Amino acid sequence: MKIDRDTIRHLERLARIELDADEVARITEQLDRIVTFVEQLQSVDTTGVAPTGLMAHEESARLRADERCEGLARETVLGQAPDASAGFFRVPRVIGKGES
Amino acid sequence: MSALHALGVTELRARLAAGEVSPVQAVGATLDAIAARDAEVGAYLEVFADEAAARARALTDSGACKALPLGGVPIAIKDNICVAGRRTTCASRILRDYVSPYTATAVERLEAAGAIILGKTNLDEFAMGSSTENSALGTTRNPWDRARAPGGSSGGSAAAVAAEMAAAALGSDTGGSIRQPASFCGVVGLKPTYGRVSRWGLVAFASSLDQIGPFGRRVVDCAQALELIAGYDERDSTSLPEPAPSLCEHLDGEVSELVIGLPREYFVEEGVDPGVLVRVHEAIAVLEKAGARFVEVSLPHTAHTIATYYLIATAEASSNLARFDGVRYGRRAERVEDLQELYERSRSEGFGPEVKRRILLGTFVLSAGYYDAYYGKAQKVRTLIRRDFEQAFERCDLILTPTSPETAFTLGAKSDDPLSMYLSDVYTVSANLAGLPGLSLPCGFSDGMPVGLQLLGRPLDEATILRVGDAFERRTAHHLVQPPEAP
């Protein structure tokens with residue numbers, strides 16, 4: 001898989017990260033080298049091998065009882081927000097300039 | 001008699017418990033060392049000088065210090081681990097002013113044991129890196145040679161312990177981020193079994209790999225710290241249900257009944273500093289003389305560990321770091337017109353180059369059309385890597401390797417070449433992929449720079465690697481050599 005500038009532009013949209021022209025050039029070249037490197041895994045025979053997602057103890061992880069318990073106070077949480085008012089996080093308009 | 005700030009945890013505690021030294025003296029000496037040295041080293045992002053002194057005073061006055069296992073012991077915390085009311089920056093612009101509303105379980109347990117938190121240490125941004133050079137908030141220098149990197153990502157914690165600016169420290173290890181800087185800075189670093197220590201209050205990087213662990217100047221100090229921070233935590237559902245292990249009592253200096261595996265794939269000459277191999281072979285000779293038996297084992301998928309690691313770690317990072325959106329906490333871009341632009345600009349301005357690179361790579365390997373070929377494939381190879389270790393541990397009780405193929409490199413030497421930086425993690429990432437405990441401890445010097453010896457254990461068997469590490473330490477003097485004072 002060749003990583004080119006179009007791939008990077010697509011990934012920028014998916015990841016909500018905007019790169020400037022210099023960054024695009026540099027990251028395209030770097031990611032292409034890294035992806036070429038990781039493609040060595042295609043040579044490994046994994047027929048019939050199950051993927052490792054969770055470690056054994058996590059597969060039987062316990063959920064706590066579904067009971068009310070203390071959380072962080074609303075003022076504490078909103079106190080970290082760049083913009084908040086009347087008990088809500090505040091953001092600029094959601095329907096904007098025509099982003100996909 | 002060593003200065004107070006130069007003592008290890010156990011030695012310092014012996015004097016505190018005997019009443020020869022007060023917490024005010026112990027903490028004061030360490031704060032003085034920070035004031036004298038940290039301008040040169042840059043280990044700390046923030047020092048809680050007043051609060052640490054006040055807590056030491058309270059502990060001295062209350063008389064509670066003697067009975068507490070870490071009473072009066074000054075400890076540093078990597079700045080991706082939360083302390084309530086303090087900034088947790090992850091060395092990132094996006095969290096530069098973020099104040100944590102709660103304290104990490106591991107820190108809470110240390111404080112309950114009487115430890116005094118000195119401050120927060122530097123790291124590669126979001127723990128992504130192997131040199132601490134990816135910090136957006138400062139440069140940390142290796143106490144042995146200030147032109148060199150301390151390793152990473154927990155470079156600040158390793159440098160603080162090495163430069164005697166903390167008796168011990170906490171770090172986090174996702175692919176070697178405790179063991180490699182421990183190796184570069186000539187201290188002991190322990191990455192516990194996956195799930196051993198609660199991650200409540202650790203900012204997530206790659207959730208199937210991350211683990212909190214201690215740094216110390218002695219193996220026994222790391223053993224004691226792990227005893228105190230380990231154990232199930234209902235706030236982290238991935239923490240192991242097993243009770244905290246008792247470790248210190250097994251440190252008896254004996255290794256005679258143990259079989260130590262040497263993976264043939266790790267002892268190749270290509271790509272390894274010959275000075276590192278010489279020291280590791282000397283360490284093998286020490287343990288052999290002490291009665292340990294060595295066998296060659298094979299980890300056939302070693303050549304694929306770096307690729308597997310970087311696929312899994314970046315995929316998980318891209319998902320974990322999606323939470324930094326400029327809405328609920330962290331830095332928000334100014335003068336944006338709509339929500340999309342707010343996300344894009346906040347993230348683009350807030351993250352540094354390595355974090356962006358990893359998020360984009362992780363996004364790629366999880367994206368439609370590529371998921372199975374990259375991420376899915378890596379998860380399967382991860383299974384094969386785990387099996388390699390399971391099979392090796394049928395023939396041995398623990399595995400011995402170098403921690404890193406090299407000693408600390410010069411600052412800037414790898415900054416423009418991310419792939420070469422990734423390749424330096426070759427000996428450490430497998431423990432994270434397989435969920436194993438790993439210990440790095442000093443085993444001598446190559447051209448004046450510390451070399452680290454890595455011991456890998458079976459899952460949950462920190463006891464054996466600590467026992468062997470301690471037995472090695474008792475027979476050698478490498479850990480007694482101190483870094484040169486600043487000119």
# chains A, B, ... in the order shown; residues from 1 in each chain; ligands from 1
call {"tool": "interface_residues", "arguments": {"of": "chain B", "to": "chain A", "cutoff": "8 Å", "atoms": "only C-alpha atoms", "output": "PyMOL selection string"}}
result
chain B and resi 98-99+101+208+234+237-238+240+304+307-308+311+318+322+326-332+336-340+342-345+347-348+356-357+359-361+363-364+373-374+376-384+418-419+435
call {"tool": "residues_around", "arguments": {"residues": "Ala54 in chain B", "least_positions_apart": "4", "cutoff": "12 Å", "atoms": "only C-alpha atoms", "output": "PyMOL selection string"}}
result
chain B and resi 23-24+27-28+48-50+58-61+72+116-118
call {"tool": "atom_distance", "arguments": {"atom1": "CA of Pro459 in chain B", "atom2": "CA of Cys90 in chain B"}}
result
28.5 Å
call {"tool": "residues_around", "arguments": {"residues": "Asp173 in chain B", "least_positions_apart": "6", "cutoff": "7 Å", "atoms": "only C-alpha atoms", "output": "list in words"}}
result
Lys191, Asp210, Gln211 and Ile212 of chain B
call {"tool": "closest_residue", "arguments": {"among": "B:Thr302, B:Thr103, B:Thr476, B:Thr140", "to": "Leu433 in chain B", "atoms": "only C-alpha atoms"}}
result
B:Thr302
call {"tool": "select_by_dssp", "arguments": {"residues": "range 169-253 of chain B", "states": "alpha helix (DSSP H)", "output": "list in words"}}
result
Arg179, Gln180, Pro181, Ala182, Ser183, Phe184, Cys185, Val219, Val220, Asp221, Cys222, Ala223, Gln224, Ala225, Leu226, Glu227, Leu228 and Ile229 of chain B
call {"tool": "select_by_dssp", "arguments": {"residues": "chain A", "states": "strand (DSSP E or B)", "output": "ChimeraX atom specification"}}
result
/A:84-85,88-89
call {"tool": "residues_around", "arguments": {"residues": "range 185-189 of chain B", "least_positions_apart": "6", "cutoff": "10 Å", "atoms": "only C-alpha atoms", "output": "ChimeraX atom specification"}}
result
/B:141-145,149-151,155,157-163,168-171,173,176-179,213-222,407-408,438-445,449-454,469,478-483
call {"tool": "residues_around", "arguments": {"residues": "Ala434 in chain B", "least_positions_apart": "3", "cutoff": "8 Å", "atoms": "only C-alpha atoms", "output": "VMD selection string"}}
result
chain B and resid 382 385 to 386 389 430 to 431
call {"tool": "atom_distance", "arguments": {"atom1": "CA of Ala127 in chain B", "atom2": "CA of Ile94 in chain B"}}
result
13.9 Å
call {"tool": "closest_residue", "arguments": {"among": "B:Gln224, B:Thr193, B:Thr30, B:Thr410", "to": "Leu110 in chain B", "atoms": "only C-alpha atoms"}}
result
B:Gln224
call {"tool": "atom_distance", "arguments": {"atom1": "CA of Ile284 in chain B", "atom2": "CA of Leu209 in chain B"}}
result
28.8 Å
call {"tool": "decode", "arguments": {"residues": "range 320-335 of chain B", "atoms": "all heavy atoms", "output": "PDB file, in the first residue's frame"}}
result
ATOM      1  N   ASN B 320      -8.050   6.239  21.652  1.00  0.00           N
ATOM      2  CA  ASN B 320      -7.989   6.876  22.970  1.00  0.00           C
ATOM      3  C   ASN B 320      -7.870   8.398  22.886  1.00  0.00           C
ATOM      4  O   ASN B 320      -8.445   9.128  23.693  1.00  0.00           O
ATOM      5  CB  ASN B 320      -6.797   6.342  23.764  1.00  0.00           C
ATOM      6  CG  ASN B 320      -7.148   5.097  24.564  1.00  0.00           C
ATOM      7  OD1 ASN B 320      -8.257   4.963  25.074  1.00  0.00           O
ATOM      8  ND2 ASN B 320      -6.204   4.179  24.680  1.00  0.00           N
ATOM      9  N   LEU B 321      -7.110   8.888  21.913  1.00  0.00           N
ATOM     10  CA  LEU B 321      -6.868  10.326  21.849  1.00  0.00           C
ATOM     11  C   LEU B 321      -7.981  11.087  21.116  1.00  0.00           C
ATOM     12  O   LEU B 321      -7.919  12.317  20.999  1.00  0.00           O
ATOM     13  CB  LEU B 321      -5.490  10.633  21.246  1.00  0.00           C
ATOM     14  CG  LEU B 321      -4.374  10.686  22.310  1.00  0.00           C
ATOM     15  CD1 LEU B 321      -4.130   9.350  22.979  1.00  0.00           C
ATOM     16  CD2 LEU B 321      -3.077  11.221  21.726  1.00  0.00           C
ATOM     17  N   ALA B 322      -9.001  10.339  20.679  1.00  0.00           N
ATOM     18  CA  ALA B 322     -10.163  11.010  20.094  1.00  0.00           C
ATOM     19  C   ALA B 322     -10.890  11.862  21.131  1.00  0.00           C
ATOM     20  O   ALA B 322     -11.635  12.775  20.797  1.00  0.00           O
ATOM     21  CB  ALA B 322     -11.118   9.977  19.494  1.00  0.00           C
ATOM     22  N   ARG B 323     -10.645  11.566  22.418  1.00  0.00           N
ATOM     23  CA  ARG B 323     -11.351  12.307  23.472  1.00  0.00           C
ATOM     24  C   ARG B 323     -10.882  13.761  23.578  1.00  0.00           C
ATOM     25  O   ARG B 323     -11.562  14.583  24.166  1.00  0.00           O
ATOM     26  CB  ARG B 323     -11.177  11.603  24.810  1.00  0.00           C
ATOM     27  CG  ARG B 323      -9.796  11.744  25.397  1.00  0.00           C
ATOM     28  CD  ARG B 323      -9.589  10.832  26.589  1.00  0.00           C
ATOM     29  NE  ARG B 323      -9.672   9.423  26.190  1.00  0.00           N
ATOM     30  CZ  ARG B 323      -9.514   8.403  27.022  1.00  0.00           C
ATOM     31  NH1 ARG B 323      -9.297   8.619  28.291  1.00  0.00           N
ATOM     32  NH2 ARG B 323      -9.590   7.158  26.600  1.00  0.00           N
ATOM     33  N   PHE B 324      -9.712  14.058  23.043  1.00  0.00           N
ATOM     34  CA  PHE B 324      -9.192  15.428  23.146  1.00  0.00           C
ATOM     35  C   PHE B 324      -9.760  16.246  22.000  1.00  0.00           C
ATOM     36  O   PHE B 324      -9.241  16.248  20.888  1.00  0.00           O
ATOM     37  CB  PHE B 324      -7.661  15.421  23.163  1.00  0.00           C
ATOM     38  CG  PHE B 324      -7.134  14.623  24.326  1.00  0.00           C
ATOM     39  CD1 PHE B 324      -6.613  13.360  24.145  1.00  0.00           C
ATOM     40  CD2 PHE B 324      -7.232  15.136  25.614  1.00  0.00           C
ATOM     41  CE1 PHE B 324      -6.175  12.616  25.229  1.00  0.00           C
ATOM     42  CE2 PHE B 324      -6.795  14.397  26.697  1.00  0.00           C
ATOM     43  CZ  PHE B 324      -6.264  13.130  26.506  1.00  0.00           C
ATOM     44  N   ASP B 325     -10.866  16.904  22.301  1.00  0.00           N
ATOM     45  CA  ASP B 325     -11.651  17.541  21.246  1.00  0.00           C
ATOM     46  C   ASP B 325     -11.852  19.035  21.478  1.00  0.00           C
ATOM     47  O   ASP B 325     -12.548  19.699  20.731  1.00  0.00           O
ATOM     48  CB  ASP B 325     -13.016  16.849  21.123  1.00  0.00           C
ATOM     49  CG  ASP B 325     -13.769  16.834  22.455  1.00  0.00           C
ATOM     50  OD1 ASP B 325     -13.300  17.480  23.422  1.00  0.00           O
ATOM     51  OD2 ASP B 325     -14.829  16.175  22.525  1.00  0.00           O
ATOM     52  N   GLY B 326     -11.250  19.553  22.556  1.00  0.00           N
ATOM     53  CA  GLY B 326     -11.399  20.987  22.830  1.00  0.00           C
ATOM     54  C   GLY B 326     -12.760  21.377  23.380  1.00  0.00           C
ATOM     55  O   GLY B 326     -13.067  22.565  23.465  1.00  0.00           O
ATOM     56  N   VAL B 327     -13.563  20.392  23.773  1.00  0.00           N
ATOM     57  CA  VAL B 327     -14.905  20.711  24.269  1.00  0.00           C
ATOM     58  C   VAL B 327     -14.987  20.586  25.790  1.00  0.00           C
ATOM     59  O   VAL B 327     -15.414  21.517  26.467  1.00  0.00           O
ATOM     60  CB  VAL B 327     -15.968  19.791  23.616  1.00  0.00           C
ATOM     61  CG1 VAL B 327     -17.340  20.002  24.258  1.00  0.00           C
ATOM     62  CG2 VAL B 327     -16.029  20.046  22.118  1.00  0.00           C
ATOM     63  N   ARG B 328     -14.554  19.447  26.308  1.00  0.00           N
ATOM     64  CA  ARG B 328     -14.812  19.176  27.734  1.00  0.00           C
ATOM     65  C   ARG B 328     -13.651  19.572  28.645  1.00  0.00           C
ATOM     66  O   ARG B 328     -13.845  19.891  29.800  1.00  0.00           O
ATOM     67  CB  ARG B 328     -15.152  17.698  27.913  1.00  0.00           C
ATOM     68  CG  ARG B 328     -16.496  17.359  27.297  1.00  0.00           C
ATOM     69  CD  ARG B 328     -16.581  15.907  26.960  1.00  0.00           C
ATOM     70  NE  ARG B 328     -15.547  15.549  25.996  1.00  0.00           N
ATOM     71  CZ  ARG B 328     -15.046  14.340  25.882  1.00  0.00           C
ATOM     72  NH1 ARG B 328     -15.449  13.373  26.658  1.00  0.00           N
ATOM     73  NH2 ARG B 328     -14.117  14.091  24.977  1.00  0.00           N
ATOM     74  N   TYR B 329     -12.438  19.482  28.125  1.00  0.00           N
ATOM     75  CA  TYR B 329     -11.258  19.883  28.895  1.00  0.00           C
ATOM     76  C   TYR B 329     -10.132  20.094  27.908  1.00  0.00           C
ATOM     77  O   TYR B 329     -10.239  19.747  26.739  1.00  0.00           O
ATOM     78  CB  TYR B 329     -10.870  18.833  29.944  1.00  0.00           C
ATOM     79  CG  TYR B 329     -10.980  17.415  29.463  1.00  0.00           C
ATOM     80  CD1 TYR B 329     -10.052  16.883  28.590  1.00  0.00           C
ATOM     81  CD2 TYR B 329     -12.043  16.603  29.869  1.00  0.00           C
ATOM     82  CE1 TYR B 329     -10.156  15.592  28.135  1.00  0.00           C
ATOM     83  CE2 TYR B 329     -12.165  15.305  29.413  1.00  0.00           C
ATOM     84  CZ  TYR B 329     -11.219  14.802  28.550  1.00  0.00           C
ATOM     85  OH  TYR B 329     -11.325  13.520  28.088  1.00  0.00           O
ATOM     86  N   GLY B 330      -9.047  20.658  28.392  1.00  0.00           N
ATOM     87  CA  GLY B 330      -7.908  20.871  27.513  1.00  0.00           C
ATOM     88  C   GLY B 330      -8.050  22.138  26.696  1.00  0.00           C
ATOM     89  O   GLY B 330      -9.020  22.886  26.815  1.00  0.00           O
ATOM     90  N   ARG B 331      -7.042  22.347  25.848  1.00  0.00           N
ATOM     91  CA  ARG B 331      -6.938  23.588  25.114  1.00  0.00           C
ATOM     92  C   ARG B 331      -7.913  23.613  23.937  1.00  0.00           C
ATOM     93  O   ARG B 331      -8.076  22.635  23.231  1.00  0.00           O
ATOM     94  CB  ARG B 331      -5.506  23.703  24.594  1.00  0.00           C
ATOM     95  CG  ARG B 331      -5.152  25.008  23.962  1.00  0.00           C
ATOM     96  CD  ARG B 331      -3.694  24.940  23.506  1.00  0.00           C
ATOM     97  NE  ARG B 331      -3.313  26.137  22.800  1.00  0.00           N
ATOM     98  CZ  ARG B 331      -3.631  26.381  21.539  1.00  0.00           C
ATOM     99  NH1 ARG B 331      -4.337  25.505  20.850  1.00  0.00           N
ATOM    100  NH2 ARG B 331      -3.246  27.492  20.963  1.00  0.00           N
ATOM    101  N   ARG B 332      -8.548  24.747  23.758  1.00  0.00           N
ATOM    102  CA  ARG B 332      -9.465  24.918  22.625  1.00  0.00           C
ATOM    103  C   ARG B 332      -8.905  25.999  21.702  1.00  0.00           C
ATOM    104  O   ARG B 332      -8.430  27.037  22.182  1.00  0.00           O
ATOM    105  CB  ARG B 332     -10.844  25.351  23.134  1.00  0.00           C
ATOM    106  CG  ARG B 332     -11.806  25.726  22.017  1.00  0.00           C
ATOM    107  CD  ARG B 332     -13.132  26.243  22.535  1.00  0.00           C
ATOM    108  NE  ARG B 332     -13.935  25.154  23.108  1.00  0.00           N
ATOM    109  CZ  ARG B 332     -15.246  25.260  23.344  1.00  0.00           C
ATOM    110  NH1 ARG B 332     -15.900  26.381  23.066  1.00  0.00           N
ATOM    111  NH2 ARG B 332     -15.910  24.264  23.870  1.00  0.00           N
ATOM    112  N   ALA B 333      -8.987  25.750  20.402  1.00  0.00           N
ATOM    113  CA  ALA B 333      -8.555  26.754  19.434  1.00  0.00           C
ATOM    114  C   ALA B 333      -9.494  27.952  19.488  1.00  0.00           C
ATOM    115  O   ALA B 333     -10.686  27.809  19.778  1.00  0.00           O
ATOM    116  CB  ALA B 333      -8.539  26.159  18.035  1.00  0.00           C
ATOM    117  N   GLU B 334      -8.947  29.117  19.221  1.00  0.00           N
ATOM    118  CA  GLU B 334      -9.768  30.326  19.257  1.00  0.00           C
ATOM    119  C   GLU B 334     -10.268  30.694  17.862  1.00  0.00           C
ATOM    120  O   GLU B 334      -9.721  30.246  16.862  1.00  0.00           O
ATOM    121  CB  GLU B 334      -8.939  31.480  19.837  1.00  0.00           C
ATOM    122  CG  GLU B 334      -8.682  31.270  21.325  1.00  0.00           C
ATOM    123  CD  GLU B 334      -7.682  32.259  21.885  1.00  0.00           C
ATOM    124  OE1 GLU B 334      -7.173  33.093  21.121  1.00  0.00           O
ATOM    125  OE2 GLU B 334      -7.430  32.174  23.098  1.00  0.00           O
ATOM    126  N   ARG B 335     -11.307  31.526  17.846  1.00  0.00           N
ATOM    127  CA  ARG B 335     -11.857  32.063  16.589  1.00  0.00           C
ATOM    128  C   ARG B 335     -12.166  30.970  15.563  1.00  0.00           C
ATOM    129  O   ARG B 335     -11.649  30.960  14.454  1.00  0.00           O
ATOM    130  CB  ARG B 335     -10.912  33.104  15.980  1.00  0.00           C
ATOM    131  CG  ARG B 335     -10.829  34.396  16.813  1.00  0.00           C
ATOM    132  CD  ARG B 335      -9.941  35.424  16.187  1.00  0.00           C
ATOM    133  NE  ARG B 335      -8.549  35.012  16.184  1.00  0.00           N
ATOM    134  CZ  ARG B 335      -7.751  35.107  17.253  1.00  0.00           C
ATOM    135  NH1 ARG B 335      -8.206  35.601  18.395  1.00  0.00           N
ATOM    136  NH2 ARG B 335      -6.500  34.711  17.183  1.00  0.00           N
TER     137      ARG B 335
END
